[in-house]
>>> print(open('my_file22.tsv').read())   # TSV, C-alpha atoms
chain	number	residue	atom	x	y	z
A	1	MET	CA	0.59	10.56	1.92
A	2	THR	CA	2.13	7.20	2.71
A	3	ILE	CA	-0.22	4.25	2.86
A	4	TYR	CA	0.82	1.16	4.77
A	5	LYS	CA	-0.44	-2.18	3.51
A	6	ILE	CA	-0.06	-4.50	6.47
A	7	SER	CA	-0.42	-8.22	6.87
A	8	PHE	CA	-1.29	-9.07	10.44
A	9	VAL	CA	-0.47	-12.56	11.65
A	10	VAL	CA	-1.72	-13.55	15.07
A	11	GLU	CA	0.61	-15.77	17.05
A	12	GLY	CA	-0.75	-19.17	17.92
A	13	GLY	CA	-2.17	-19.86	14.49
A	14	LYS	CA	-5.83	-20.00	15.46
A	15	HIS	CA	-6.88	-16.55	14.26
A	16	PRO	CA	-6.90	-16.02	10.48
A	17	GLY	CA	-5.17	-12.67	10.72
A	18	ALA	CA	-5.91	-9.79	8.42
A	19	ILE	CA	-4.60	-7.60	5.63
A	20	ILE	CA	-5.55	-3.94	6.01
A	21	ASN	CA	-4.32	-0.58	4.77
A	22	LYS	CA	-3.43	1.93	7.47
A	23	ASP	CA	-2.39	5.56	7.35
A	24	HIS	CA	0.37	5.08	9.89
A	25	ARG	CA	3.13	2.56	10.49
A	26	PRO	CA	2.23	0.29	13.43
A	27	ILE	CA	4.74	0.03	16.26
A	28	PRO	CA	5.37	-2.76	18.77
A	29	GLY	CA	3.13	-2.34	21.78
A	30	GLU	CA	0.38	-0.61	19.80
A	31	LYS	CA	-3.13	-1.97	20.20
A	32	ILE	CA	-5.26	-2.52	17.12
A	33	GLN	CA	-8.74	-3.81	16.46
A	34	PHE	CA	-10.17	-5.71	13.58
A	35	GLY	CA	-13.63	-7.05	13.85
A	36	ASP	CA	-14.65	-7.38	17.48
A	37	GLN	CA	-11.24	-8.39	18.76
A	38	PHE	CA	-8.24	-6.44	20.00
A	39	PHE	CA	-4.60	-7.28	19.36
A	40	LYS	CA	-1.22	-6.07	20.54
A	41	ILE	CA	1.53	-5.54	17.97
A	42	LEU	CA	4.62	-7.57	18.82
A	43	GLU	CA	6.86	-7.04	15.83
A	44	VAL	CA	6.81	-5.13	12.52
A	45	GLN	CA	8.97	-5.87	9.49
A	46	GLU	CA	9.07	-4.92	5.82
A	47	LEU	CA	7.44	-7.53	3.60
A	48	LEU	CA	8.13	-5.98	0.21
A	49	PRO	CA	10.13	-2.93	-0.90
A	50	PRO	CA	8.02	0.26	-0.98
A	51	ARG	CA	6.46	1.42	-4.28
A	52	GLY	CA	5.26	4.95	-4.80
A	53	ASP	CA	3.23	6.01	-1.78
A	54	PHE	CA	2.83	2.42	-0.54
A	55	GLN	CA	4.82	0.54	2.04
A	56	TYR	CA	4.33	-3.18	2.55
A	57	LEU	CA	4.68	-4.39	6.10
A	58	HIS	CA	4.15	-7.50	8.12
A	59	ALA	CA	3.09	-7.34	11.76
A	60	THR	CA	3.01	-10.16	14.27
A	61	CYS	CA	0.47	-9.63	17.01
A	62	ALA	CA	-1.15	-11.29	19.99
A	63	LEU	CA	-4.83	-11.45	20.91
A	64	ILE	CA	-5.38	-9.47	24.09
A	65	LEU	CA	-9.12	-9.42	24.69
A	66	LYS	CA	-12.44	-9.84	22.98
A	67	SER	CA	-14.53	-6.69	23.16
A	68	ASP	CA	-18.02	-6.98	24.57
A	69	ASN	CA	-20.44	-5.18	22.24
A	70	LYS	CA	-23.56	-6.18	24.12
B	71	MET	CA	-18.76	9.49	-7.84
B	72	GLU	CA	-18.27	10.59	-4.26
B	73	TYR	CA	-15.53	8.00	-3.79
B	74	LYS	CA	-13.30	9.46	-6.50
B	75	GLN	CA	-10.70	10.67	-4.01
B	76	ILE	CA	-10.45	7.17	-2.55
B	77	PHE	CA	-9.21	5.85	-5.89
B	78	HIS	CA	-6.00	7.84	-5.50
B	79	GLU	CA	-5.31	5.97	-2.27
B	80	LEU	CA	-5.82	2.48	-3.64
B	81	GLU	CA	-2.84	0.28	-4.41
B	82	LEU	CA	-4.70	-1.22	-7.36
B	83	PHE	CA	-4.37	2.08	-9.19
B	84	ASN	CA	-0.90	3.00	-7.98
B	85	GLY	CA	0.96	4.49	-10.96
B	86	LEU	CA	-2.07	5.80	-12.86
B	87	ASN	CA	-2.45	9.50	-13.48
B	88	ASP	CA	-5.61	11.53	-12.78
B	89	ALA	CA	-7.01	11.16	-16.29
B	90	GLU	CA	-6.51	7.40	-16.22
B	91	ILE	CA	-8.15	7.11	-12.82
B	92	ASP	CA	-11.09	9.14	-14.11
B	93	LYS	CA	-11.64	6.54	-16.82
B	94	ILE	CA	-11.79	3.78	-14.21
B	95	VAL	CA	-14.07	5.77	-11.92
B	96	GLU	CA	-16.58	5.94	-14.78
B	97	LEU	CA	-16.80	2.14	-14.78
B	98	CYS	CA	-17.35	1.69	-11.06
B	99	THR	CA	-20.30	1.50	-8.74
B	100	VAL	CA	-20.46	1.39	-4.97
B	101	LYS	CA	-22.15	-1.34	-2.98
B	102	THR	CA	-23.06	-1.42	0.69
B	103	VAL	CA	-22.82	-4.78	2.42
B	104	GLN	CA	-24.45	-5.41	5.78
B	105	SER	CA	-22.66	-7.28	8.52
B	106	GLY	CA	-23.15	-11.01	8.03
B	107	ASP	CA	-24.07	-10.73	4.35
B	108	THR	CA	-22.12	-12.72	1.77
B	109	LEU	CA	-20.63	-10.78	-1.12
B	110	VAL	CA	-19.26	-13.76	-3.01
B	111	TYR	CA	-19.98	-17.49	-2.78
B	112	GLN	CA	-17.31	-20.10	-3.47
B	113	GLY	CA	-17.96	-22.02	-6.69
B	114	GLU	CA	-20.18	-19.43	-8.29
B	115	PRO	CA	-19.22	-17.80	-11.58
B	116	GLY	CA	-18.08	-14.24	-11.11
B	117	ASN	CA	-17.58	-11.26	-13.37
B	118	GLU	CA	-16.90	-8.55	-10.83
B	119	MET	CA	-13.98	-7.45	-8.72
B	120	PHE	CA	-14.45	-5.56	-5.47
B	121	ILE	CA	-12.31	-3.03	-3.66
B	122	ILE	CA	-13.01	-2.66	0.04
B	123	THR	CA	-13.34	0.98	1.07
B	124	HIS	CA	-14.88	0.53	4.51
B	125	GLY	CA	-15.33	-2.38	6.88
B	126	LEU	CA	-13.97	-5.88	7.10
B	127	PHE	CA	-14.58	-9.09	5.18
B	128	GLU	CA	-13.85	-12.70	6.03
B	129	ILE	CA	-12.50	-14.91	3.27
B	130	SER	CA	-13.35	-18.56	3.76
B	131	ARG	CA	-13.05	-21.71	1.76
B	132	ARG	CA	-14.43	-25.20	1.90
B	133	SER	CA	-12.35	-28.02	0.41
B	134	GLU	CA	-14.04	-30.85	-1.46
B	135	ASP	CA	-13.62	-33.36	1.35
B	136	ASP	CA	-14.06	-30.94	4.21
B	137	ALA	CA	-17.49	-30.36	5.67
B	138	GLU	CA	-16.36	-27.28	7.56
B	139	GLU	CA	-15.53	-23.93	6.08
B	140	GLN	CA	-12.09	-22.61	6.97
B	141	THR	CA	-11.44	-18.92	7.37
B	142	LEU	CA	-8.34	-17.99	5.40
B	143	VAL	CA	-7.92	-14.32	6.19
B	144	ARG	CA	-9.78	-11.12	6.92
B	145	LEU	CA	-9.46	-8.23	4.51
B	146	GLY	CA	-10.04	-4.59	5.33
B	147	ALA	CA	-9.86	-1.18	3.73
B	148	GLY	CA	-7.87	-0.90	0.52
B	149	GLN	CA	-7.87	-4.60	-0.30
B	150	THR	CA	-9.33	-6.23	-3.40
B	151	VAL	CA	-11.48	-9.34	-3.51
B	152	GLY	CA	-12.63	-11.27	-6.51
B	153	GLU	CA	-9.73	-10.13	-8.69
B	154	MET	CA	-9.04	-13.68	-9.82
B	155	ALA	CA	-12.33	-13.55	-11.78
B	156	LEU	CA	-10.81	-10.71	-13.79
B	157	LEU	CA	-7.72	-12.74	-14.52
B	158	ASP	CA	-8.80	-16.31	-15.25
B	159	ARG	CA	-12.62	-16.24	-15.61
B	160	GLY	CA	-12.85	-19.23	-13.29
B	161	VAL	CA	-15.48	-19.70	-10.59
B	162	ARG	CA	-15.04	-18.00	-7.24
B	163	SER	CA	-12.27	-19.70	-5.28
B	164	ALA	CA	-13.62	-18.70	-1.86
B	165	SER	CA	-16.58	-17.09	-0.15
B	166	VAL	CA	-16.44	-13.51	1.05
B	167	ARG	CA	-18.62	-12.35	3.94
B	168	ALA	CA	-18.83	-9.01	5.71
B	169	VAL	CA	-18.07	-9.20	9.43
B	170	GLU	CA	-19.07	-5.58	10.00
B	171	PRO	CA	-21.02	-2.99	7.97
B	172	SER	CA	-18.93	-2.46	4.86
B	173	LYS	CA	-18.70	-0.78	1.47
B	174	VAL	CA	-17.02	-1.90	-1.71
B	175	ILE	CA	-16.28	-0.45	-5.11
B	176	VAL	CA	-17.48	-2.79	-7.86
B	177	ILE	CA	-15.69	-3.20	-11.19
B	178	ASN	CA	-17.28	-5.31	-13.91
B	179	ARG	CA	-14.88	-7.56	-15.78
B	180	ASP	CA	-16.24	-6.93	-19.28
B	181	ASP	CA	-16.20	-3.16	-18.80
B	182	PHE	CA	-12.66	-3.40	-17.51
B	183	ASP	CA	-11.58	-5.52	-20.47
B	184	VAL	CA	-12.93	-2.93	-22.91
B	185	LEU	CA	-11.10	-0.15	-21.09
B	186	CYS	CA	-7.83	-2.08	-21.06
B	187	LYS	CA	-8.03	-2.82	-24.78
B	188	ARG	CA	-8.52	0.87	-25.48
B	189	ASN	CA	-5.89	1.92	-22.97
B	190	THR	CA	-3.21	-0.72	-22.74
B	191	GLY	CA	-1.20	1.42	-20.33
B	192	ILE	CA	-4.01	1.30	-17.79
B	193	GLY	CA	-4.31	-2.44	-18.26
B	194	TYR	CA	-0.60	-2.98	-17.71
B	195	VAL	CA	-0.51	-0.92	-14.51
B	196	VAL	CA	-3.61	-2.49	-12.97
B	197	MET	CA	-2.59	-6.04	-13.85
B	198	ARG	CA	0.87	-5.41	-12.46
B	199	ASN	CA	-0.63	-4.13	-9.22
B	200	ILE	CA	-2.91	-7.17	-9.00
B	201	ALA	CA	0.15	-9.39	-9.41
B	202	ILE	CA	1.98	-7.54	-6.65
B	203	ASP	CA	-1.04	-7.90	-4.39
B	204	LEU	CA	-1.17	-11.62	-5.04
B	205	SER	CA	2.55	-11.81	-4.30
B	206	PHE	CA	1.98	-9.98	-1.02
B	207	ARG	CA	-0.74	-12.40	-0.02
B	208	GLN	CA	1.41	-15.38	-0.91
B	209	ARG	CA	4.19	-14.05	1.31
B	210	TYR	CA	1.58	-13.51	4.04
B	211	ARG	CA	0.53	-17.14	3.71
B	212	TYR	CA	4.14	-18.30	4.04
B	213	LEU	CA	4.56	-16.24	7.19
B	214	ARG	CA	1.30	-17.45	8.65
B	215	SER	CA	2.28	-21.07	8.09
B	216	GLU	CA	5.60	-20.68	9.90
>>> encode(input="my_file22.tsv", output="structure tokens")
Amino acid sequence: MTIYKISFVVEGGKHPGAIINKDHRPIPGEKIQFGDQFFKILEVQELLPPRGDFQYLHATCALILKSDNK
Amino acid sequence: MEYKQIFHELELFNGLNDAEIDKIVELCTVKTVQSGDTLVYQGEPGNEMFIITHGLFEISRRSEDDAEEQTLVRLGAGQTVGEMALLDRGVRSASVRAVEPSKVIVINRDDFDVLCKRNTGIGYVVMRNIAIDLSFRQRYRYLRSE
């Protein structure tokens, strides 16, 4: 099973971004959530060459909305 | 340990065989962290490394002349925190706080040192994987600063 280690950078520079392992490769247009916020993937690129079952990717994304958990 | 299968999916142990992973599993415990709770405080001595299995943590740091704490990054499943304590025995370089209900695997530094001295192959693989992880994060920082 391939595991994708992904660094997420949010455009604009205000959000700290995240580093998370996923079981699928993200694609542009995909919506993801970390914490209570949702993001749209803009671009995905390889950050490091793959090793074993791991692929190392970098994804640029944009904040799309803040979920309301109330 | 119920989380044994998770170890096979962790980058930290990438390259270890089943028997070697079993030796590491014997050292580990699991800790639940509630949302909002702090796992690690900047400046405190630390002798444990943590591997996030569930949830999300915020890594933040306060500089000496900065009254406000700055969030550096958020780390989710599969990531390690506190690994620098295993490497250089220095104080914690940042604070780590759960932003949602989370779970971590805990590895004690002294136990890990003993294991690595007995099994240098395990030590080499894990230290190499820590170095690669730090390299990944450094590249992430470069990209974030662009």
>>> closest_residue(input="my_file22.tsv", among="B:Ile129, B:Val143, B:Ala164, B:Leu86", to="chain A", atoms="only C-alpha atoms")
B:Val143
>>> closest_residue(input="my_file22.tsv", among="B:Gly106, B:Pro115, B:Gly191, B:Gly160", to="chain A", atoms="only C-alpha atoms")
B:Gly106
>>> residues_around(input="my_file22.tsv", residues="Glu118 of chain B", least_positions_apart="4", cutoff="6 Å", atoms="all atoms listed in the file", output="PyMOL selection string")
chain B and resi 177-179
>>> residues_around(input="my_file22.tsv", residues="Lys93 of chain B", least_positions_apart="3", cutoff="12 Å", atoms="all atoms listed in the file", output="number ranges by chain")
B: 71, 74, 77, 83, 86-90, 96-98, 177, 181-182, 184-186, 188-189, 192-193
>>> atom_distance(input="my_file22.tsv", atom1="atom CA of Ala62 of chain A", atom2="atom CA of Val169 of chain B")
20.1 Å
>>> closest_residue(input="my_file22.tsv", among="A:Val9, A:Leu57, A:Ile3, A:Leu48", to="Ile27 of chain A", atoms="only C-alpha atoms")
A:Leu57
>>> closest_atom_pairs(input="my_file22.tsv", of="chain B", to="chain A", cutoff="7 Å", atoms="all atoms listed in the file", output="Markdown table")
| residue | atom | partner | partner_atom | distance |
| --- | --- | --- | --- | --- |
| B:Leu126 | CA | A:Gly35 | CA | 6.9 |
| B:Thr141 | CA | A:Pro16 | CA | 6.2 |
| B:Leu142 | CA | A:Pro16 | CA | 5.6 |
| B:Val143 | CA | A:Pro16 | CA | 4.7 |
| B:Arg144 | CA | A:Ala18 | CA | 4.4 |
| B:Leu145 | CA | A:Ile19 | CA | 5.0 |
| B:Gly146 | CA | A:Ile20 | CA | 4.6 |
| B:Ala147 | CA | A:Ile20 | CA | 5.6 |
| B:Gly148 | CA | A:Asn21 | CA | 5.5 |
| B:Gln149 | CA | A:Ile20 | CA | 6.8 |
| B:Val169 | CA | A:Gly35 | CA | 6.6 |
| B:Glu170 | CA | A:Gly35 | CA | 6.8 |
| B:Tyr210 | CA | A:Ser7 | CA | 6.3 |
| B:Arg214 | CA | A:Val9 | CA | 6.0 |
>>> axis_aligned_box(input="my_file22.tsv", around="segment 46-54 of chain A", padding_each_side="4 Å", output="AutoDock Vina command-line options")
--center_x 6.5 --center_y -0.8 --center_z 0.5 --size_x 15.3 --size_y 21.5 --size_z 18.6
>>> atom_distance(input="my_file22.tsv", atom1="atom CA of Asp183 of chain B", atom2="atom CA of Val100 of chain B")
19.2 Å
>>> atom_distance(input="my_file22.tsv", atom1="atom CA of Leu157 of chain B", atom2="atom CA of Gln55 of chain A")
24.7 Å
>>> residues_around(input="my_file22.tsv", residues="Gln112 of chain B", least_positions_apart="5", cutoff="9 Å", atoms="all atoms listed in the file", output="PyMOL selection string")
chain B and resi 130-132+161-166
>>> write_last_selection(input="my_file22.tsv", atoms="C-alpha atoms", output="compact mmCIF listing (two decimals), in the coordinates of the input")
# COMPACT_ATOMS: atom_id res chain seq x y z
CA SER B 130 -13.35 -18.56 3.76
CA ARG B 131 -13.05 -21.71 1.76
CA ARG B 132 -14.43 -25.20 1.90
CA VAL B 161 -15.48 -19.70 -10.59
CA ARG B 162 -15.04 -18.00 -7.24
CA SER B 163 -12.27 -19.70 -5.28
CA ALA B 164 -13.62 -18.70 -1.86
CA SER B 165 -16.58 -17.09 -0.15
CA VAL B 166 -16.44 -13.51 1.05
>>> residues_near_point(input="my_file22.tsv", point="(-13.0, -8.1, -2.2)", cutoff="8 Å", atoms="only C-alpha atoms", output="list of chain:residue names")
B:Met119, B:Phe120, B:Ile121, B:Ile122, B:Phe127, B:Leu145, B:Gln149, B:Thr150, B:Val151, B:Gly152, B:Glu153, B:Val166, B:Val174
>>> residues_around(input="my_file22.tsv", residues="Leu63 of chain A", least_positions_apart="6", cutoff="7 Å", atoms="all atoms listed in the file", output="list in words")
Val10, Phe38, Phe39 and Lys40 of chain A
